[in-house]
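Chemist: Have a look at this one.
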Amino acid sequence: MLFGIVVGIITLVAIVVGIVVFYTWKSRQGPKVKSHHVGHDSVKSINNVGVMSKEGRGAGAGGRMMSAPTTAAPETTSGRPSEIVRPRFVAVGVLAAAVFGSLTAKLWSMQVLAASEYENEAIKNKYATIATPAPRGLVFDADGVQLVKNRTALTVLADASVANDHDVVQRLSTVLGIPFNIVKSRIQDTSSGAQSQRVVSSDARQRDVAFIAEHSDAFSGVTVQERTVRDYPYGALASHVLGYTGTVSDDELQTVPENRQIELGDTVGKSGIEAFYDGLLAGDHGQRRVVVDSQGRVVEVESETAATRGNDIYLTIKAPVQYVAEQELAGLIAPTGIIGKGKGVGGAVVAMDVTDGSILALASYPTFDPSKFTGGISQDIWDLYSTAESYYPLLNRAVSGTYPAASTYKAYTGLAGLKYGFATADKMFNCAGSWDGFHTGDVQNCWNLNGHGPIDLHWGIRVSCDVVFYEIAKQFYDAGKSQGGSISDTALQEEIAMFGFGRETGIDLLGEEAGRIPTPEWKAQHWSDVPTEAQWYGGDLTNLVIGQGDCLITPLQNAVGYGAVATGMLMKPHLLKEARNSLGEPVIKVESEVTNKPDVSEDNYKYVREALKLIASDTDKVVAALEDYGIDATTVSSKTGTGEVAGKGDVAWYVCFYPQDKPKYVVSTCIEQGGGGGDVAGPVGAHVLGAILANEKGELNEVGRVAGSNGKSVELKTGSASRED
């Protein structure tokens, strides 16, 4: 740039000098100024015809008249030569002074005042800084079992210019076994930046890399780097908790969280804790300073700063307990690896410490293998995970699956009946096996069609008598203001909501569902296009009170709800225990959080807890499952449930907490289209509770590898079996 400025100045000076020379030469070529002196020798006779002299008369014919000799006056001009040229020189001088003054001022500003600015611009044109990816932090269970680690992978990279070299692209295609067009499109992909090297293969085979290294002359512009990719030592274990990663999308780049640096081409969390704690797990980028030519091509790497690994995360999950939960679900639902060969088509288990909300196990079946997403998921695998035939393995049924609560709701609605006096310790009900309390002819049955006879609320909870709860719901309906009563028309719903239903629990996972508590307002809106169905009836409340009809809950909500029944406190569930930096120092520690203390008297809590005490011992399969771990069934409080879904099999529920005198653990189990709660879900929940206690004693430490879904299923016979709870 400086050379160009100097040449410009010299050129301007030459032009100015040329102008001055030209005008000087021009002025010398103007009209000459002369003086004439006339003497006798130079004066010739002149014939004057008809010209009179001042002193004589005109001569006649042939006469001659002579004038007296005189000196001729000089010819005159407009001025002297110096006076003519001077203004032109002045004008040229002014012009030259202006030009040189402007050039001097500009040169001063460029060379002195703006020197650093131009120098920086020159450096920018010459150098480029490229961010290099950082390894993500590792993931451990509560006791240090590594659930997610980083594996070194050989990554084949190519400069952008390689896309124009047909021979090199063809060689890469042949060696790596990747179609030519795909190799070329990957090299042409600018999502990682204009000067960044393009990833051709993110996990290349050792022999392919060795061939490229041995024939480097044939692979100009191609390099191989060691990078890290996610590795899962236990396969699909806890995959719905852990989630998976992938390359950042354009949409995600538009919504980058505050204090989070994301570059094009970065790997980010897409689901699970990988997504929720992406900012903690992501490390700090490295810097690669390169020299580029005028076309922006990298010609030299000047310096490189290593990236810093992200924070390690320790979860509240107990890996051995998680393994038992997943094995139980798989063994029940797909004992041969094919859904439909066992009981149910999907399921979930949630185990939680009720004293602090920490999640000990969170399992969902069918599950998926997160390693399939490493380096980009293939279309075949994505299709397998996204079909009805595979029952959607990517769905986290523990937090996003919603099901009718069935009779597990009776602990909450029983407390509501006690609070409003619609049930007391002394009040008796009569169950004849069917009920038409509204005298409409629309009969509702108890699951026990033979009836339970005279029964109080305590036994109504224990044997899950529907008629007891129909009577409680009718009293809520009749006491509502719309029926002339004094309480809210949604008083029962408000009591249920105190235990966390109808809203998200706040667990540290994305995609949580809030479920639904149906109300008159909800029904009117839901059926706004069908006015005949929008009316709220007493039967809506009698369905709700036993957890049927339009109510929907998640397995996680039921775990949190029963935790509150056990302790009187609604805890916020969480998966993160702590995060540690690269030095092993804690940077985050999660504290327990109480989200609500339901307005329930201790006497009412005690009444319902007593009713829940003997339910486990009433179910033979649950008793046997607890005995497998040496647990006395009479020390476990629990509730079973069987939810009815139109056109599908029943949803099996089992929820329990332990120990009765000072509850610490709660387990919520749900089997989709599984059948009876006690027979199907009960043994699964009992085994998970046993695993928690065995692990606590140090007797259970085994963690095995879990297989992801293979997508295979056969048709499952649908329809509702006869309920027993």
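For the structure tokens, the naming scheme is as follows: chains receive sequential letters (A, B, ...) according to their order of presentation, residues are indexed from 1 within each chain, and ligands are indexed from 1 in presentation order.
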Name the residues of segment 141-305 of chain A that fall into strand (DSSP E) according to DSSP on the backbone, using the chain letters and numbers of this document, as a PyMOL selection string.

Modeler: chain A and resi 146-158+198-201+222-231+245-247+267-269+286-292+298-305

Chemist: Quick one: residues within 9 Å of segment 477-487 of chain A, only C-alpha atoms, excluding same-chain residues fewer than 5 positions away - as number ranges by chain?

Modeler: A: 472, 492, 537-538, 541-542

Chemist: Restricting the calculation to only C-alpha atoms, which member of A:Lys184, A:Lys149, A:Lys664, A:Lys270 is positioned closest to Ser249 of chain A?

Modeler: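 Checking each of A:Lys184, A:Lys149, A:Lys664, A:Lys270 against Ser249 of chain A, counting only C-alpha atoms, the winner is A:Lys270.
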
Chemist: Quick one: residues within 12 Å of segment 373-385 of chain A, only C-alpha atoms, excluding same-chain residues fewer than 3 positions away - as a count of residues only?

Modeler: 51

Chemist: Can you pull out the residues contacting His215 of chain A? Cut-off 12 Å, using only C-alpha atoms, and skip same-chain residues under 6 positions away; I want them as a ChimeraX atom specification.

Modeler: /A:168,171-172,175,208-209,222-223

Chemist: Return the single residue from A:Ile313, A:Leu418, A:Val545, A:Ala306 that is closest to Asp603 of chain A, with distances computed using only C-alpha atoms.

Modeler: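 Of all the options, A:Leu418 lies closest to Asp603 of chain A.
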
Chemist: Kindly indicate which residue among A:Ala91, A:Ile187, A:Ala616, A:Leu689 lies nearest to Ser161 of chain A, using only C-alpha atoms for the distances.

Modeler: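 Using only C-alpha atoms, Ser161 of chain A sits closest to A:Ile187.
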
Chemist: So that I can see what lies close to segment 439-445 of chain A, please list as a PyMOL selection string the residues with an atom at most 9 Å from it, counting only C-alpha atoms and leaving out residues fewer than 4 positions away in the same chain.

Modeler: chain A and resi 432-435+449+466-467+470+539+542

Chemist: Report the distance between atom CA of Lys597 of chain A and atom CA of Gly568 of chain A in Å, rounded to one decimal place.

Modeler: 6.2 Å

Chemist: In segment 172-312 of chain A, what's alpha helix (DSSP H) per DSSP? Answer as JSON, numbers by chain?

Modeler: {"A": [172, 173, 174, 175, 176, 180, 181, 182, 183, 184, 185, 186, 187, 188, 206, 207, 208, 209, 210, 211, 212, 213, 214, 239, 240, 241, 242, 250, 251, 252, 253, 272, 273, 274, 275, 276, 278, 279, 280, 281]}

Chemist: Print the selection's residues with C-alpha atoms to a file, as an mmCIF file, in the first residue's frame.

Modeler:
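As written to disk, again-v8.cif reads:
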```
data_model
loop_
_atom_site.group_PDB
_atom_site.id
_atom_site.type_symbol
_atom_site.label_atom_id
_atom_site.label_comp_id
_atom_site.auth_asym_id
_atom_site.auth_seq_id
_atom_site.Cartn_x
_atom_site.Cartn_y
_atom_site.Cartn_z
ATOM 1 C CA LEU A 172 -10.454 -40.041 -0.808
ATOM 2 C CA SER A 173 -13.677 -41.648 -1.981
ATOM 3 C CA THR A 174 -11.898 -44.881 -2.866
ATOM 4 C CA VAL A 175 -9.809 -45.143 0.299
ATOM 5 C CA LEU A 176 -12.511 -44.137 2.788
ATOM 6 C CA PHE A 180 -17.526 -39.338 -4.497
ATOM 7 C CA ASN A 181 -20.413 -36.860 -4.346
ATOM 8 C CA ILE A 182 -20.627 -37.117 -0.565
ATOM 9 C CA VAL A 183 -16.893 -36.504 -0.162
ATOM 10 C CA LYS A 184 -17.087 -33.465 -2.411
ATOM 11 C CA SER A 185 -20.177 -32.059 -0.688
ATOM 12 C CA ARG A 186 -18.519 -32.403 2.706
ATOM 13 C CA ILE A 187 -15.473 -30.501 1.503
ATOM 14 C CA GLN A 188 -17.677 -27.797 -0.020
ATOM 15 C CA GLN A 206 -6.580 -46.932 11.116
ATOM 16 C CA ARG A 207 -5.626 -48.659 7.874
ATOM 17 C CA ASP A 208 -7.224 -45.905 5.768
ATOM 18 C CA VAL A 209 -5.379 -43.219 7.686
ATOM 19 C CA ALA A 210 -2.110 -45.146 7.316
ATOM 20 C CA PHE A 211 -2.578 -45.320 3.541
ATOM 21 C CA ILE A 212 -3.193 -41.569 3.315
ATOM 22 C CA ALA A 213 -0.082 -40.881 5.401
ATOM 23 C CA GLU A 214 2.085 -43.165 3.266
ATOM 24 C CA SER A 239 -29.712 -43.223 27.304
ATOM 25 C CA HIS A 240 -32.860 -41.164 27.961
ATOM 26 C CA VAL A 241 -31.081 -39.494 30.865
ATOM 27 C CA LEU A 242 -27.781 -38.965 29.066
ATOM 28 C CA ASP A 250 -28.578 -23.102 11.915
ATOM 29 C CA ASP A 251 -31.639 -22.724 14.168
ATOM 30 C CA GLU A 252 -29.573 -23.439 17.272
ATOM 31 C CA LEU A 253 -27.027 -20.823 16.219
ATOM 32 C CA GLY A 272 -31.044 -35.465 27.833
ATOM 33 C CA ILE A 273 -28.508 -33.927 30.176
ATOM 34 C CA GLU A 274 -26.199 -33.462 27.168
ATOM 35 C CA ALA A 275 -28.640 -30.774 26.045
ATOM 36 C CA PHE A 276 -29.790 -29.446 29.422
ATOM 37 C CA ASP A 278 -24.616 -28.285 27.353
ATOM 38 C CA GLY A 279 -23.008 -25.113 28.683
ATOM 39 C CA LEU A 280 -21.294 -27.027 31.497
ATOM 40 C CA LEU A 281 -20.148 -29.941 29.364
#
```
